[in-house]
$ cat target-v5.txt   # compact mmCIF, C-alpha atoms
# COMPACT_ATOMS: atom_id res chain seq x y z
CA MET A 1 114.37 123.16 88.32
CA LYS A 2 112.27 120.73 86.35
CA THR A 3 110.95 117.49 87.78
CA LYS A 4 109.09 114.56 86.30
CA ALA A 5 106.37 113.17 88.56
CA VAL A 6 103.28 111.00 88.72
CA ARG A 7 100.54 113.41 89.79
CA MET A 8 96.99 112.70 90.89
CA TYR A 9 94.13 114.95 89.75
CA GLY A 10 91.23 112.87 91.04
CA THR A 11 89.80 109.37 91.24
CA ASP A 12 91.77 107.03 88.92
CA ASP A 13 93.42 110.07 87.34
CA LEU A 14 97.21 109.67 87.45
CA ARG A 15 99.46 111.45 84.97
CA LEU A 16 103.21 111.33 84.45
CA GLU A 17 104.16 114.96 83.78
CA GLU A 18 107.16 117.23 83.67
CA PHE A 19 106.86 120.62 85.35
CA GLU A 20 108.84 123.31 87.13
CA LEU A 21 109.47 123.15 90.88
CA PRO A 22 109.51 126.48 92.73
CA GLN A 23 112.65 127.71 94.46
CA ILE A 24 112.85 126.17 97.93
CA LYS A 25 112.06 128.32 100.95
CA GLU A 26 114.45 128.77 103.87
CA ASP A 27 112.72 126.00 105.83
CA GLU A 28 112.52 123.47 102.95
CA ILE A 29 114.85 120.89 101.40
CA LEU A 30 115.17 119.85 97.75
CA VAL A 31 115.73 116.10 97.26
CA LYS A 32 116.45 113.74 94.38
CA ILE A 33 114.31 110.58 94.50
CA MET A 34 116.08 107.38 93.49
CA SER A 35 113.59 104.65 94.41
CA ASP A 36 109.95 104.44 95.38
CA SER A 37 108.05 101.23 96.10
CA ILE A 38 104.31 101.22 95.47
CA CYS A 39 102.02 100.90 98.48
CA MET A 40 98.48 99.55 98.56
CA SER A 41 97.59 102.73 100.48
CA THR A 42 98.33 104.73 97.32
CA TYR A 43 95.95 102.48 95.37
CA LYS A 44 93.26 103.26 97.98
CA LEU A 45 93.99 106.97 97.57
CA VAL A 46 93.63 106.69 93.79
CA LYS A 47 90.32 104.82 94.12
CA GLN A 48 88.84 107.17 96.72
CA GLY A 49 90.06 110.45 95.24
CA LYS A 50 88.90 113.50 97.18
CA LYS A 51 87.00 111.24 99.60
CA HIS A 52 90.31 110.04 101.04
CA LYS A 53 91.04 111.63 104.42
CA ARG A 54 94.50 112.78 103.35
CA ALA A 55 93.50 114.14 99.94
CA PRO A 56 93.22 117.91 99.37
CA GLN A 57 89.97 119.08 97.87
CA ASN A 58 91.71 121.20 95.22
CA MET A 59 93.72 118.37 93.65
CA ASP A 60 91.91 118.81 90.34
CA THR A 61 93.65 122.18 89.95
CA ASN A 62 96.64 121.56 92.24
CA PRO A 63 97.50 117.88 91.70
CA VAL A 64 99.48 115.97 94.32
CA ILE A 65 102.58 113.87 93.75
CA VAL A 66 101.85 110.27 94.80
CA GLY A 67 104.20 107.76 96.40
CA HIS A 68 105.66 107.74 99.90
CA GLU A 69 107.95 104.69 100.19
CA CYS A 70 110.90 106.59 98.82
CA SER A 71 114.60 107.20 99.24
CA GLY A 72 117.22 109.34 97.58
CA LEU A 73 119.71 112.18 98.01
CA ILE A 74 119.52 115.64 99.51
CA VAL A 75 120.29 118.23 96.81
CA GLU A 76 119.77 121.66 98.36
CA VAL A 77 119.18 122.67 101.98
CA GLY A 78 117.29 125.75 103.15
CA ASN A 79 119.08 127.98 105.68
CA LYS A 80 117.03 126.71 108.62
CA TRP A 81 118.35 123.17 108.19
CA LYS A 82 121.94 123.74 107.01
CA GLY A 83 123.40 122.65 110.34
CA GLN A 84 121.52 119.36 110.28
CA PHE A 85 121.44 118.26 106.62
CA GLN A 86 123.98 118.40 103.80
CA PRO A 87 123.79 117.99 100.02
CA GLY A 88 124.75 114.48 98.97
CA GLN A 89 123.34 112.90 102.13
CA LYS A 90 121.20 109.79 101.62
CA PHE A 91 117.76 109.81 103.21
CA SER A 92 114.69 107.74 103.95
CA LEU A 93 111.27 109.16 104.74
CA GLN A 94 108.69 108.58 107.45
CA PRO A 95 105.52 109.92 105.78
CA ALA A 96 103.11 109.59 108.74
CA LEU A 97 103.50 113.17 109.95
CA ASN A 98 100.33 113.94 111.92
CA TYR A 99 101.53 117.54 112.11
CA MET A 100 99.51 119.85 114.36
CA GLY A 101 96.46 117.62 114.11
CA LYS A 102 96.47 117.55 110.30
CA LEU A 103 96.47 114.38 108.21
CA ASP A 104 98.63 115.87 105.44
CA SER A 105 101.27 113.40 104.32
CA PRO A 106 103.89 113.16 101.53
CA GLY A 107 102.50 111.12 98.68
CA TYR A 108 98.91 112.03 99.52
CA SER A 109 98.56 115.74 100.18
CA TYR A 110 101.38 117.84 98.72
CA GLU A 111 101.70 119.49 95.34
CA PHE A 112 105.51 119.35 95.39
CA CYS A 113 106.29 116.44 97.73
CA GLY A 114 105.95 112.73 97.01
CA GLY A 115 108.01 109.71 96.05
CA ALA A 116 106.94 109.05 92.44
CA CYS A 117 109.17 111.73 90.91
CA THR A 118 112.71 112.66 89.96
CA TYR A 119 112.97 115.65 92.34
CA CYS A 120 110.67 117.06 95.02
CA ILE A 121 110.61 119.52 97.91
CA MET A 122 110.37 118.39 101.53
CA PRO A 123 108.22 120.87 103.47
CA ASN A 124 109.27 122.23 106.85
CA GLU A 125 107.04 119.91 108.87
CA VAL A 126 108.86 116.81 107.59
CA MET A 127 112.09 118.02 109.18
CA GLU A 128 110.38 119.57 112.21
CA LEU A 129 109.02 116.14 113.14
CA GLY A 130 112.32 114.35 112.49
CA CYS A 131 110.80 112.41 109.58
CA LEU A 132 113.61 113.01 107.08
CA LEU A 133 116.08 110.40 108.25
CA ASP A 134 119.75 109.93 107.51
CA TYR A 135 120.32 106.62 105.73
CA THR A 136 123.72 104.92 105.75
CA GLY A 137 122.90 101.72 103.86
CA GLU A 138 124.38 101.08 100.44
CA SER A 139 121.23 100.29 98.44
CA PHE A 140 118.44 102.80 97.89
CA PHE A 141 115.73 100.15 97.58
CA GLU A 142 116.21 98.99 101.18
CA ALA A 143 115.55 102.55 102.38
CA SER A 144 112.37 102.62 100.26
CA LEU A 145 111.27 99.38 101.91
CA GLY A 146 112.06 100.83 105.32
CA GLU A 147 108.63 102.49 105.41
CA PRO A 148 106.57 99.30 104.92
CA MET A 149 108.96 97.47 107.27
CA SER A 150 108.36 100.19 109.87
CA CYS A 151 104.62 99.42 109.69
CA ILE A 152 105.39 95.76 110.40
CA ILE A 153 107.74 96.68 113.23
CA GLY A 154 105.09 98.97 114.71
CA GLY A 155 102.64 96.07 114.79
CA PHE A 156 105.03 93.83 116.71
CA HIS A 157 105.78 96.56 119.24
CA ALA A 158 102.13 97.57 119.66
CA ASN A 159 100.80 94.12 120.58
CA TYR A 160 100.48 93.69 124.32
CA HIS A 161 99.76 91.19 127.07
CA THR A 162 98.27 91.51 130.54
CA ASN A 163 98.47 89.70 133.86
CA LYS A 164 96.14 89.11 136.81
CA ARG A 165 98.40 90.73 139.40
CA ASN A 166 98.25 94.35 138.26
CA TYR A 167 97.29 96.55 135.34
CA ASP A 168 100.71 96.72 133.72
CA HIS A 169 100.80 95.79 130.05
CA ALA A 170 103.77 93.86 128.68
CA MET A 171 104.35 95.50 125.31
CA GLY A 172 105.26 93.54 122.21
CA THR A 173 104.56 89.99 121.14
CA LYS A 174 104.85 87.41 123.93
CA VAL A 175 108.32 86.13 124.74
CA GLY A 176 108.44 82.38 124.09
CA GLY A 177 104.94 82.49 122.63
CA ASN A 178 103.22 81.28 119.48
CA ILE A 179 102.76 83.77 116.64
CA LEU A 180 100.22 83.27 113.84
CA ILE A 181 100.53 85.38 110.67
CA MET A 182 97.35 84.92 108.64
CA GLY A 183 97.53 85.56 104.90
CA GLY A 184 101.25 85.85 105.51
CA CYS A 185 102.86 84.80 102.23
CA GLY A 186 102.30 88.15 100.56
CA PRO A 187 104.89 90.94 100.63
CA MET A 188 104.01 92.41 104.03
CA GLY A 189 103.49 89.01 105.60
CA LEU A 190 106.95 87.86 104.52
CA GLY A 191 108.37 91.08 105.91
CA ALA A 192 106.68 90.18 109.19
CA VAL A 193 108.22 86.71 109.15
CA SER A 194 111.67 88.19 108.53
CA TYR A 195 111.25 90.64 111.40
CA GLY A 196 109.63 88.13 113.76
CA LEU A 197 112.59 85.77 113.46
CA GLN A 198 114.92 88.34 114.98
CA PHE A 199 112.56 90.36 117.25
CA GLU A 200 113.95 90.77 120.76
CA ASN A 201 110.77 89.17 122.19
CA LYS A 202 111.84 85.85 120.70
CA PRO A 203 108.87 83.56 119.99
CA LYS A 204 108.81 79.79 120.27
CA MET A 205 106.89 79.30 117.03
CA ILE A 206 105.73 81.27 113.99
CA VAL A 207 102.95 79.76 111.88
CA VAL A 208 102.20 81.41 108.53
CA THR A 209 98.96 80.69 106.66
CA ASP A 210 98.00 81.18 103.03
CA ILE A 211 95.67 79.57 100.50
CA SER A 212 98.13 79.42 97.59
CA ASP A 213 100.67 76.62 97.21
CA GLU A 214 102.59 78.85 94.80
CA ARG A 215 102.96 81.67 97.35
CA ILE A 216 103.87 79.17 100.08
CA ALA A 217 106.54 77.62 97.86
CA ARG A 218 108.12 81.03 97.25
CA ALA A 219 107.94 81.85 100.96
CA LYS A 220 109.77 78.64 101.83
CA GLU A 221 112.42 79.51 99.27
CA VAL A 222 113.16 83.02 100.54
CA ILE A 223 112.71 82.32 104.31
CA SER A 224 113.15 78.60 104.88
CA GLU A 225 111.82 76.70 107.84
CA GLU A 226 115.34 75.30 108.32
CA SER A 227 116.91 78.78 108.60
CA ALA A 228 114.38 79.67 111.32
CA LEU A 229 115.20 76.51 113.24
CA GLU A 230 118.85 77.57 113.28
CA ARG A 231 117.68 80.58 115.30
CA GLY A 232 115.78 78.34 117.68
CA ILE A 233 112.34 79.18 116.28
CA GLU A 234 109.92 76.70 114.73
CA LEU A 235 108.57 78.16 111.48
CA LEU A 236 105.70 76.49 109.65
CA TYR A 237 103.92 77.45 106.42
CA VAL A 238 100.45 75.94 106.06
CA ASN A 239 97.72 76.04 103.42
CA THR A 240 94.40 76.45 105.26
CA ALA A 241 92.45 75.83 102.03
CA GLU A 242 93.60 72.21 102.20
CA MET A 243 92.45 71.74 105.82
CA ASP A 244 89.14 70.06 106.67
CA ASP A 245 88.93 71.95 109.96
CA PRO A 246 91.41 74.85 110.03
CA ILE A 247 90.56 75.91 113.60
CA SER A 248 91.25 72.52 115.16
CA GLU A 249 94.24 71.75 112.94
CA LEU A 250 95.92 75.10 113.57
CA THR A 251 95.27 74.74 117.29
CA ALA A 252 96.73 71.22 117.23
CA ILE A 253 100.00 72.62 115.86
CA THR A 254 100.42 74.44 119.18
CA GLY A 255 99.61 71.35 121.26
CA GLY A 256 96.20 72.81 122.09
CA HIS A 257 97.59 76.06 123.57
CA GLY A 258 96.45 78.41 120.81
CA TYR A 259 98.25 81.52 119.59
CA ASP A 260 99.53 84.26 121.88
CA ASP A 261 99.80 86.75 119.02
CA VAL A 262 97.74 86.69 115.83
CA PHE A 263 98.37 89.08 112.93
CA VAL A 264 95.68 89.30 110.25
CA TYR A 265 97.35 90.39 107.01
CA VAL A 266 94.35 90.14 104.67
CA PRO A 267 91.12 92.16 105.06
CA VAL A 268 88.81 89.15 104.90
CA LYS A 269 85.96 88.74 107.42
CA GLU A 270 86.31 84.98 107.71
CA VAL A 271 90.06 85.22 108.30
CA ALA A 272 89.63 87.79 111.07
CA GLU A 273 86.98 85.62 112.74
CA MET A 274 89.24 82.58 112.47
CA GLY A 275 92.07 84.51 114.09
CA ASP A 276 89.84 85.45 117.02
CA LYS A 277 88.93 81.80 117.55
CA LEU A 278 92.59 80.77 117.62
CA LEU A 279 93.68 83.09 120.41
CA ALA A 280 95.22 81.58 123.54
CA PHE A 281 94.52 82.88 127.05
CA ASP A 282 95.50 86.57 127.09
CA GLY A 283 96.07 86.33 123.34
CA CYS A 284 96.32 89.53 121.29
CA MET A 285 94.99 89.77 117.74
CA ASN A 286 96.29 92.62 115.59
CA PHE A 287 94.08 93.39 112.58
CA PHE A 288 96.92 94.70 110.42
CA ALA A 289 95.27 94.62 106.98
CA GLY A 290 93.60 97.89 106.04
CA PRO A 291 90.19 97.38 104.38
CA SER A 292 88.94 99.72 101.67
CA ASP A 293 85.37 99.42 102.96
CA SER A 294 84.81 101.83 105.87
CA ARG A 295 81.96 99.56 107.08
CA PHE A 296 84.10 96.42 107.19
CA LYS A 297 83.27 94.34 110.29
CA ALA A 298 83.61 90.85 111.69
CA GLU A 299 82.24 88.99 114.71
CA ILE A 300 84.43 88.48 117.77
CA ASN A 301 83.83 86.23 120.77
CA LEU A 302 83.13 88.54 123.70
CA TYR A 303 82.75 85.57 126.05
CA ASN A 304 86.44 84.83 125.48
CA CYS A 305 87.26 88.51 125.72
CA HIS A 306 85.68 88.55 129.19
CA TYR A 307 86.79 85.21 130.62
CA THR A 308 90.07 84.43 128.87
CA SER A 309 91.38 88.00 128.49
CA THR A 310 91.66 87.93 124.71
CA HIS A 311 91.98 91.34 123.09
CA ILE A 312 91.64 92.78 119.60
CA MET A 313 93.52 95.76 118.22
CA GLY A 314 94.74 97.19 114.96
CA THR A 315 97.78 99.14 113.82
CA THR A 316 98.42 101.24 110.74
CA GLY A 317 101.77 102.72 109.81
CA GLY A 318 104.82 102.95 111.99
CA ASN A 319 106.49 105.80 113.83
CA THR A 320 109.90 107.36 113.33
CA ASP A 321 111.55 105.02 115.84
CA ASP A 322 110.19 102.06 113.86
CA LEU A 323 111.71 103.43 110.65
CA VAL A 324 115.05 104.03 112.34
CA GLU A 325 114.97 100.43 113.55
CA ALA A 326 114.06 99.16 110.06
CA ASN A 327 116.94 101.04 108.47
CA GLN A 328 119.43 99.85 111.07
CA LEU A 329 118.35 96.22 110.77
CA SER A 330 118.47 96.32 106.96
CA ALA A 331 121.89 97.99 106.96
CA LYS A 332 123.40 95.22 109.06
CA GLY A 333 121.51 92.42 107.28
CA ALA A 334 119.41 91.38 110.28
CA ILE A 335 116.23 91.52 108.18
CA GLU A 336 115.71 90.95 104.46
CA ALA A 337 113.26 93.55 103.21
CA ALA A 338 113.90 92.22 99.70
CA VAL A 339 111.59 89.26 100.44
CA MET A 340 108.74 91.67 99.73
CA VAL A 341 109.81 92.59 96.18
CA THR A 342 108.60 90.64 93.13
CA HIS A 343 108.55 93.30 90.39
CA VAL A 344 110.88 96.13 89.31
CA GLY A 345 110.17 99.03 86.97
CA GLY A 346 110.91 102.64 86.08
CA ILE A 347 109.04 105.89 86.61
CA ASP A 348 106.95 105.33 83.46
CA SER A 349 105.44 102.17 84.99
CA ILE A 350 104.17 103.74 88.22
CA ALA A 351 100.79 105.16 87.15
CA GLU A 352 99.39 102.01 85.54
CA ALA A 353 100.89 99.72 88.19
CA THR A 354 99.30 101.80 90.95
CA LYS A 355 95.86 101.88 89.33
CA ASN A 356 95.92 98.11 88.77
CA LEU A 357 97.84 97.05 91.87
CA PRO A 358 95.43 94.37 93.21
CA SER A 359 95.26 92.62 89.85
CA ILE A 360 99.04 92.35 89.42
CA PRO A 361 100.18 89.10 91.05
CA GLY A 362 103.13 88.85 93.39
CA GLY A 363 104.44 91.15 96.08
CA LYS A 364 105.93 94.63 96.23
CA LYS A 365 106.38 96.62 93.06
CA LEU A 366 109.69 98.48 93.36
CA THR A 367 110.33 101.39 91.01
CA TYR A 368 113.34 103.53 90.19
CA THR A 369 112.40 107.06 89.25
CA GLN A 370 115.45 108.28 87.32
CA PHE A 371 114.76 106.17 84.21
CA ASP A 372 112.00 104.45 82.21
CA MET A 373 111.55 100.68 82.35
CA PRO A 374 108.47 98.46 82.03
CA LEU A 375 107.32 96.86 85.27
CA THR A 376 108.87 93.40 85.13
CA ALA A 377 108.52 90.38 87.40
CA ILE A 378 111.78 89.01 88.79
CA ASP A 379 110.51 85.56 87.76
CA GLU A 380 110.57 86.74 84.13
CA PHE A 381 114.20 87.88 84.15
CA GLU A 382 115.62 84.51 83.07
CA GLU A 383 113.38 84.17 80.01
CA LEU A 384 113.90 87.81 79.00
CA GLY A 385 117.62 87.31 79.49
CA LYS A 386 117.77 84.89 76.57
CA THR A 387 117.51 87.85 74.20
CA ASP A 388 118.27 90.87 76.43
CA PRO A 389 121.73 91.22 78.03
CA LEU A 390 120.36 93.48 80.81
CA PHE A 391 117.89 90.90 82.03
CA LYS A 392 120.51 88.17 81.74
CA LYS A 393 122.68 90.09 84.21
CA LEU A 394 119.71 90.81 86.49
CA SER A 395 118.64 87.16 86.42
CA GLU A 396 122.12 85.96 87.36
CA SER A 397 122.33 88.48 90.19
CA CYS A 398 118.94 87.57 91.66
CA LYS A 399 119.69 83.84 91.37
CA ALA A 400 122.83 84.40 93.40
CA HIS A 401 120.68 86.01 96.13
CA LYS A 402 117.96 83.34 96.65
CA GLY A 403 115.92 84.78 93.80
CA LEU A 404 115.67 88.13 95.59
CA TRP A 405 116.26 91.69 94.41
CA ASN A 406 119.53 92.99 95.83
CA GLY A 407 122.09 95.78 95.86
CA GLU A 408 124.15 94.32 93.03
CA ALA A 409 121.05 94.18 90.80
CA GLU A 410 120.30 97.80 91.65
CA LYS A 411 123.83 98.79 90.53
CA ILE A 412 123.37 96.83 87.29
CA LEU A 413 120.28 98.92 86.52
CA PHE A 414 122.01 102.20 87.32
CA ASP A 415 124.99 101.29 85.13
CA HIS A 416 122.75 100.21 82.26
CA PHE A 417 120.79 103.47 82.25
CA GLY A 418 123.88 105.64 82.82
CA ILE A 419 122.77 106.78 86.26
CA ASN A 420 125.36 107.93 88.77
CA PRO A 421 123.48 107.23 92.01
CA MET A 422 125.41 109.89 93.97
CA GLU A 423 125.18 112.65 91.37
CA LEU A 424 122.98 115.55 92.45

$ encode --input "target-v5.txt" --output "structure tokens"
Amino acid sequence: MKTKAVRMYGTDDLRLEEFELPQIKEDEILVKIMSDSICMSTYKLVKQGKKHKRAPQNMDTNPVIVGHECSGLIVEVGNKWKGQFQPGQKFSLQPALNYMGKLDSPGYSYEFCGGACTYCIMPNEVMELGCLLDYTGESFFEASLGEPMSCIIGGFHANYHTNKRNYDHAMGTKVGGNILIMGGCGPMGLGAVSYGLQFENKPKMIVVTDISDERIARAKEVISEESALERGIELLYVNTAEMDDPISELTAITGGHGYDDVFVYVPVKEVAEMGDKLLAFDGCMNFFAGPSDSRFKAEINLYNCHYTSTHIMGTTGGNTDDLVEANQLSAKGAIEAAVMVTHVGGIDSIAEATKNLPSIPGGKKLTYTQFDMPLTAIDEFEELGKTDPLFKKLSESCKAHKGLWNGEAEKILFDHFGINPMEL
């Protein structure tokens, strides 16, 4: 069958093309992609080209389909998997395979598998590793956002704390501790706030820093400090650019204790060094932001590492358990992955949006692959709605949901473009 896909041929070379998919093999599965959110990791792939660790060296002749934060429907199942998967079943994808020591991953490495397309083929290893997951939620976009949420969840689970009695590590952020999310008013940071407010290792306080009043204002709107207090957690948003002495002022917020868990969500040397200085005794700093520069480095205080048991780590991606948790929490409304989304578009918007991702303001760019639509900011819906009935409906829907993208808005789009979301 034919598919339409955004394919990568090399550095900065993305093309939206229609081509024929081969017949699936007995150990493969044909899927229909409904939604695919754009990840900064894909931008890094596009900028690095063949130098990227997951990129095949023959992509100039065998281009790869980009995109990995995807969801959709199973269309056809190879004989090997017929007892486990059925046509019409909704799915989400965990793309971090690490299969037999290889770095191959959907959205980076495969000619016929990726999220920025109408249809694609899941190779055997995706199912072998349990990375094609059943999804029971109503909205496709929440399954797409399950992958970035799984990265956030993985970070919270991977942090650890020690004690002086033995060598056992207490995994996860500290119960009753202070959490600092630096550069946290972007899409991933807000996802971390949403998750942190309901994490089983309940913190006492979450402090979120940024240097933009505009981003802080939006953060307060979508996850208010008052709503956190209702859960027994003190949530504070602060602008460090307005502080004379950020180190002392951020420490003062904790009554001089410091932060038990620090997450650095922007790849900035000065921010990482500030995070290190703000660690409490036995504090754990997770450098979550992935830099593009392979030589990126920052200074850490090894005196504190030795005498006050501070420790530095980093996480990238999540595992399958993290994605299962993300999907379950989204399905029951325990987390709001929609706080990450600021723009919505169709398959025709993916290539340019990906190539220019850092220069497009706002958070996550969510795309639907079964129709064309310019990438549009949710903040622009109201103005566009004055002359366009579609955007009037979308604006009203988002306003009714704290300004956030939502399942009703997704249905409005499908109805407008004549898409039956369950049609194979």

$ atom_distance --input "target-v5.txt" --atom1 "CA of Leu30 (chain A)" --atom2 "CA of Asn406 (chain A)"
27.3 Å

$ closest_atom_pairs --input "target-v5.txt" --of "region 246-347 of chain A" --to "region 80-104 of chain A" --cutoff "9 Å" --atoms "only C-alpha atoms" --output "JSON lines"
{"residue": "A:Gly317", "atom": "CA", "partner": "A:Ala96", "partner_atom": "CA", "distance": 7.1}
{"residue": "A:Gly318", "atom": "CA", "partner": "A:Ala96", "partner_atom": "CA", "distance": 7.6}
{"residue": "A:Asn319", "atom": "CA", "partner": "A:Ala96", "partner_atom": "CA", "distance": 7.2}
{"residue": "A:Thr320", "atom": "CA", "partner": "A:Gln94", "partner_atom": "CA", "distance": 6.1}
{"residue": "A:Leu323", "atom": "CA", "partner": "A:Gln94", "partner_atom": "CA", "distance": 6.8}
{"residue": "A:Asn327", "atom": "CA", "partner": "A:Ser92", "partner_atom": "CA", "distance": 8.4}

$ closest_residue --input "target-v5.txt" --among "A:Gly107, A:Lys365, A:Asp348, A:Gly72" --to "Glu18 (chain A)" --atoms "all atoms listed in the file"
A:Asp348

$ closest_residue --input "target-v5.txt" --among "A:Ala280, A:Val341, A:Val77, A:Ala326" --to "Cys305 (chain A)" --atoms "all atoms listed in the file"
A:Ala280

$ atom_distance --input "target-v5.txt" --atom1 "CA of Val126 (chain A)" --atom2 "CA of Val31 (chain A)"
12.4 Å

$ closest_residue --input "target-v5.txt" --among "A:Asp60, A:Gly363, A:Leu279, A:Asp293" --to "Arg15 (chain A)" --atoms "all atoms listed in the file"
A:Asp60

$ atom_distance --input "target-v5.txt" --atom1 "CA of Asp244 (chain A)" --atom2 "CA of Ile216 (chain A)"
18.5 Å

$ closest_residue --input "target-v5.txt" --among "A:His257, A:Ser150, A:Pro203, A:Gly189" --to "Val175 (chain A)" --atoms "all atoms listed in the file"
A:Pro203

$ residues_near_point --input "target-v5.txt" --point "(117.1, 109.8, 98.7)" --cutoff "12 Å" --atoms "all atoms listed in the file" --output "ChimeraX atom specification"
/A:29-36,68-75,87-93,114-122,132-144,368-370,421-424

$ closest_residue --input "target-v5.txt" --among "A:Pro187, A:Gly346, A:Gly196, A:Gly258" --to "Gly154 (chain A)" --atoms "only C-alpha atoms"
A:Gly196

$ closest_residue --input "target-v5.txt" --among "A:Met127, A:Phe263, A:Ala409, A:Val344" --to "Asp379 (chain A)" --atoms "only C-alpha atoms"
A:Val344

$ residues_near_point --input "target-v5.txt" --point "(94.0, 96.4, 110.0)" --cutoff "7 Å" --atoms "all atoms listed in the file" --output "list in words"
Phe287, Phe288, Ala289, Gly290, Pro291, Gly314, Thr315 and Thr316 of chain A

$ residues_around --input "target-v5.txt" --residues "Glu225 (chain A)" --least-positions-apart "6" --cutoff "10 Å" --atoms "only C-alpha atoms" --output "NGL selection string"
:A and (206 or 219 or 233-237)
